[in-house]
Protein chains: 2
Amino acid sequence: MESWVDGQPADALSLKDRGLAYGDGLFETIAVRGGQPVLLERHLQRLAEGCSRLALAADHGLIRAELVAYAAALGDGVLKLILTRGDSQRGYAFDPAAAPRRILQGNPPARYPDVHAEHGVRLFPCATRLSSQPLLAGLKHLNRLEQVLARAEWQGPEYAEGLMLDLDARVIEGVFSNLFIVHEGVLVTADLRRCGVAGVMRGELLFQAKSLGIPTEITDISLEQLQQADEVFVCNSVYGIWPVNAYAALSWPVGPLTRKLQGIARALLDA
Amino acid sequence: MESWVDGQPADALSLKDRGLAYGDGLFETIAVRGGQPVLLERHLQRLAEGCSRLALAADHGLIRAELVAYAAALGDGVLKLILTRGDSQRGYAFDPAAAPRRILQGNPPARYPDVHAEHGVRLFPCATRLSSQPLLAGLKHLNRLEQVLARAEWQGPEYAEGLMLDLDARVIEGVFSNLFIVHEGVLVTADLRRCGVAGVMRGELLFQAKSLGIPTEITDISLEQLQQADEVFVCNSVYGIWPVNAYAALSWPVGPLTRKLQGIARALLDA
């Protein structure tokens with residue numbers, strides 16, 4: 001489907017855009033089913049948090065309206081919203097009142113092998129570590145070179161995802177997923193106050209687990225804790241949940257809590 | 001002057017460019033005097049280092065030829081080269097053989113108040129810290145949100161630059177400059193193996209100082225060492241050298257080594 005820039009069909013961008021110059025912006029990747037953006041409120045909430053922290057003066061009502069209209073036209077697929085600080089004036093300084101530029105792109109539904117969801121995936125042990133930057137941690141911003149470098153570490157289909165640690169060897173997330181472990185009945189995911197992207201599916205699964213009375217914990221996760229996990233899975237807002245069956249010398253069975261949450265994610269994404 | 005994309009006049013960019021999507025690329029900001037790009041070899045050298053570390057399969061002969069041709073047409077001003085990994089295929093993965101996209105932009109000469117170079121500048125004490133990422137340290141890559149956040153910390157003309165520390169409070173660099181201190185006759189600048197941009201003017205000044213028999217040191221710099229400095233200055237490849245006369249409660253006179261190197265930088269930039 002044709003892209004929109006600031007509400008108008010477009011296929012090109014100003015060369016002065018600060019998204020290009022500095023990665024000065026945010027994005028959201030949103031599953032669309034039957035013309036509806038899935039988990040729209042959570043995507044908008046994260047975007048608003050990002051706009052607040054980056055001082056982007058976005059019109060959130062307008063963004064919501066465009067997302068809904070674009071999703072309706074797309075039908076089924078994946079919608080990507082990029083919000084940049086618009087054109088550069090001079091250097092890093094910016095006008096705090098400038099309206100951000102809105103870019104909407106539509107793609108067909110993502111196709112992954114069914115085996116990822118059914119039997120689970122192996123995680124590649126990425127050597128690229130996530131740096132610590134509390135000012136940007138949690139946001140889905142456009143500075144993604146660490147993910148580009150990490151994803152380039154492996155080729156071929158043996159690994160569906162890679163696991164990224166931070167510089168202190170904490171277990172943080174996948175290259176394009178969040179990671180959960182289950183340990184003695186507790187659903188645990190990494191604390192993202194230093195690095196990482198606070199995924200929309202991660203937020204939804206934490207919420208759903210709490211609603212079901214499943215204890216949850218957001219904390220630092222060591223490699224030892226990963227080793228001792230009863231279940232491990234990765235998630236994002238496009239594919240839902242993939243069980244993790246192996247990482248380096250470690251392996252795990254696909255567990256019951258993973259399957260339960262996977263069903264919930266699937267219901268959201270297949271609606 | 002009109003911009004070029006891949007050697008052709010253009011004013012717009014593909015919406016699928018990975019420079020926009022991920023900040024997946026590099027840039028160089030090059031002073032142009034009398035149709036000549038200043039310090040071209042150093043810019044090309046840093047770019048080649050960046051391409052190597054980001055696995056960008058650039059044609060460096062072609063880039064050189066385009067820079068020379070564009071500078072000749074520009075005459076006097078500032079040339080910006082952005083090199084991106086071209087259009088996105090699917091997610092973070094990329095084709096290692098893909099040719100990068102070359103974007104050239106020309107601007108009039110930068111105008112700064114003469115007082116910056118003559119009497120020196122005050123540095124704003126930026127609260128935004130530089131994160132540690134050895135895989136990207138030194139490169140002039142497109143992931144520049146830390147600089148955007150740091151530059152937004154102050155408004156108005158009282159501060160011409162800001163000083164950025166790393167998360168361990170080491171003194172690293174300005175928002176758009178490198179920093180030098182002079183202590184007991186030794187010219188010292190920060191070690192950039194964890195963070196920072198290895199500026200072309202920084203490299204040239206280290207080289208020129210060595211040629212003059214001035215001892216140089218690249219090392220970690222603490223706030224205490226900054227306090228004890230005899231002279232402090234910032235530099236970049238567009239404005240040359242600005243003496244630093246104040247930072248927080250600290251102040252320095254404009255010293256003789258600063259003036260000597262400033263003359264060298266000016267000779268390069270005013271040629």
# chains A, B, ... in the order shown; residues from 1 in each chain; ligands from 1

call {"tool": "interface_residues", "arguments": {"of": "chain B", "to": "chain A", "cutoff": "7 Å", "atoms": "only C-alpha atoms", "output": "JSON, numbers by chain"}}
result
{"B": [11, 12, 13, 14, 15, 19, 20, 21, 22, 23, 24, 92, 93, 131, 132, 133, 142, 143, 144, 145, 147, 148, 151, 152]}

call {"tool": "select_by_dssp", "arguments": {"residues": "stretch 44-183 of chain A", "states": "helix (DSSP H, G or I)", "output": "VMD selection string"}}
result
chain A and resid 44 to 54 60 to 74 114 to 119 145 to 151

call {"tool": "select_by_dssp", "arguments": {"residues": "stretch 76-265 of chain A", "states": "strand (DSSP E)", "output": "PyMOL selection string"}}
result
chain A and resi 77-84+101-107+121-125+161-165+171-174+178-183+186-190+216-219+231-236+240-247+250-251

call {"tool": "residues_around", "arguments": {"residues": "A:Gly162", "least_positions_apart": "2", "cutoff": "7 Å", "atoms": "only C-alpha atoms", "output": "number ranges by chain"}}
result
A: 123-126, 164, 174-175

call {"tool": "atom_distance", "arguments": {"atom1": "atom CA of B:Ala69", "atom2": "atom CA of B:Cys51"}}
result
21.5 Å

call {"tool": "residues_around", "arguments": {"residues": "B:Ala267", "least_positions_apart": "4", "cutoff": "12 Å", "atoms": "only C-alpha atoms", "output": "list in words"}}
result
Arg33, Val38, Leu39, Tyr239, Gly240, Ile241, Lys260, Leu261, Gln262, Gly263 and Ala271 of chain B

call {"tool": "write_last_selection", "arguments": {"atoms": "C-alpha atoms", "output": "mmCIF file, in the first residue's frame"}}
result
data_model
loop_
_atom_site.group_PDB
_atom_site.id
_atom_site.type_symbol
_atom_site.label_atom_id
_atom_site.label_comp_id
_atom_site.auth_asym_id
_atom_site.auth_seq_id
_atom_site.Cartn_x
_atom_site.Cartn_y
_atom_site.Cartn_z
ATOM 1 C CA ARG B 33 37.220 26.588 0.424
ATOM 2 C CA VAL B 38 39.422 20.783 3.420
ATOM 3 C CA LEU B 39 41.129 17.812 5.088
ATOM 4 C CA TYR B 239 35.030 26.392 12.726
ATOM 5 C CA GLY B 240 38.574 25.336 13.600
ATOM 6 C CA ILE B 241 39.393 26.132 17.243
ATOM 7 C CA LYS B 260 49.373 28.488 17.988
ATOM 8 C CA LEU B 261 47.100 25.606 16.971
ATOM 9 C CA GLN B 262 44.268 27.998 16.220
ATOM 10 C CA GLY B 263 46.514 29.691 13.679
ATOM 11 C CA ALA B 271 43.053 28.900 2.568
#

call {"tool": "atom_distance", "arguments": {"atom1": "atom CA of A:Glu28", "atom2": "atom CA of A:Ile218"}}
result
22.5 Å

call {"tool": "closest_residue", "arguments": {"among": "B:Ala97, B:Ala229, B:Leu47, B:Ala127", "to": "B:Leu139", "atoms": "only C-alpha atoms"}}
result
B:Leu47

call {"tool": "atom_distance", "arguments": {"atom1": "atom CA of A:Gln227", "atom2": "atom CA of A:Arg266"}}
result
27.1 Å

call {"tool": "residues_around", "arguments": {"residues": "B:Ala246", "least_positions_apart": "2", "cutoff": "7 Å", "atoms": "only C-alpha atoms", "output": "PyMOL selection string"}}
result
chain B and resi 121-123+244+248+250-252

call {"tool": "write_last_selection", "arguments": {"atoms": "N, CA and C atoms", "output": "mmCIF file, in the first residue's frame"}}
result
data_model
loop_
_atom_site.group_PDB
_atom_site.id
_atom_site.type_symbol
_atom_site.label_atom_id
_atom_site.label_comp_id
_atom_site.auth_asym_id
_atom_site.auth_seq_id
_atom_site.Cartn_x
_atom_site.Cartn_y
_atom_site.Cartn_z
ATOM 1 N N VAL B 121 34.862 30.627 24.463
ATOM 2 C CA VAL B 121 33.447 30.301 24.682
ATOM 3 C C VAL B 121 33.262 29.698 26.071
ATOM 4 N N ARG B 122 32.038 29.818 26.573
ATOM 5 C CA ARG B 122 31.634 29.094 27.782
ATOM 6 C C ARG B 122 31.023 27.770 27.346
ATOM 7 N N LEU B 123 31.313 26.715 28.052
ATOM 8 C CA LEU B 123 30.693 25.422 27.752
ATOM 9 C C LEU B 123 29.533 25.164 28.706
ATOM 10 N N VAL B 244 38.266 27.671 25.197
ATOM 11 C CA VAL B 244 37.222 27.568 26.220
ATOM 12 C C VAL B 244 37.662 28.423 27.392
ATOM 13 N N ALA B 248 31.096 25.642 34.035
ATOM 14 C CA ALA B 248 30.598 25.625 35.416
ATOM 15 C C ALA B 248 31.376 26.662 36.215
ATOM 16 N N LEU B 250 34.549 26.742 36.694
ATOM 17 C CA LEU B 250 35.953 26.782 36.265
ATOM 18 C C LEU B 250 36.152 27.860 35.199
ATOM 19 N N SER B 251 37.377 28.398 35.154
ATOM 20 C CA SER B 251 37.695 29.316 34.061
ATOM 21 C C SER B 251 39.170 29.199 33.706
ATOM 22 N N TRP B 252 39.470 29.534 32.478
ATOM 23 C CA TRP B 252 40.834 29.437 31.964
ATOM 24 C C TRP B 252 41.151 30.656 31.117
#
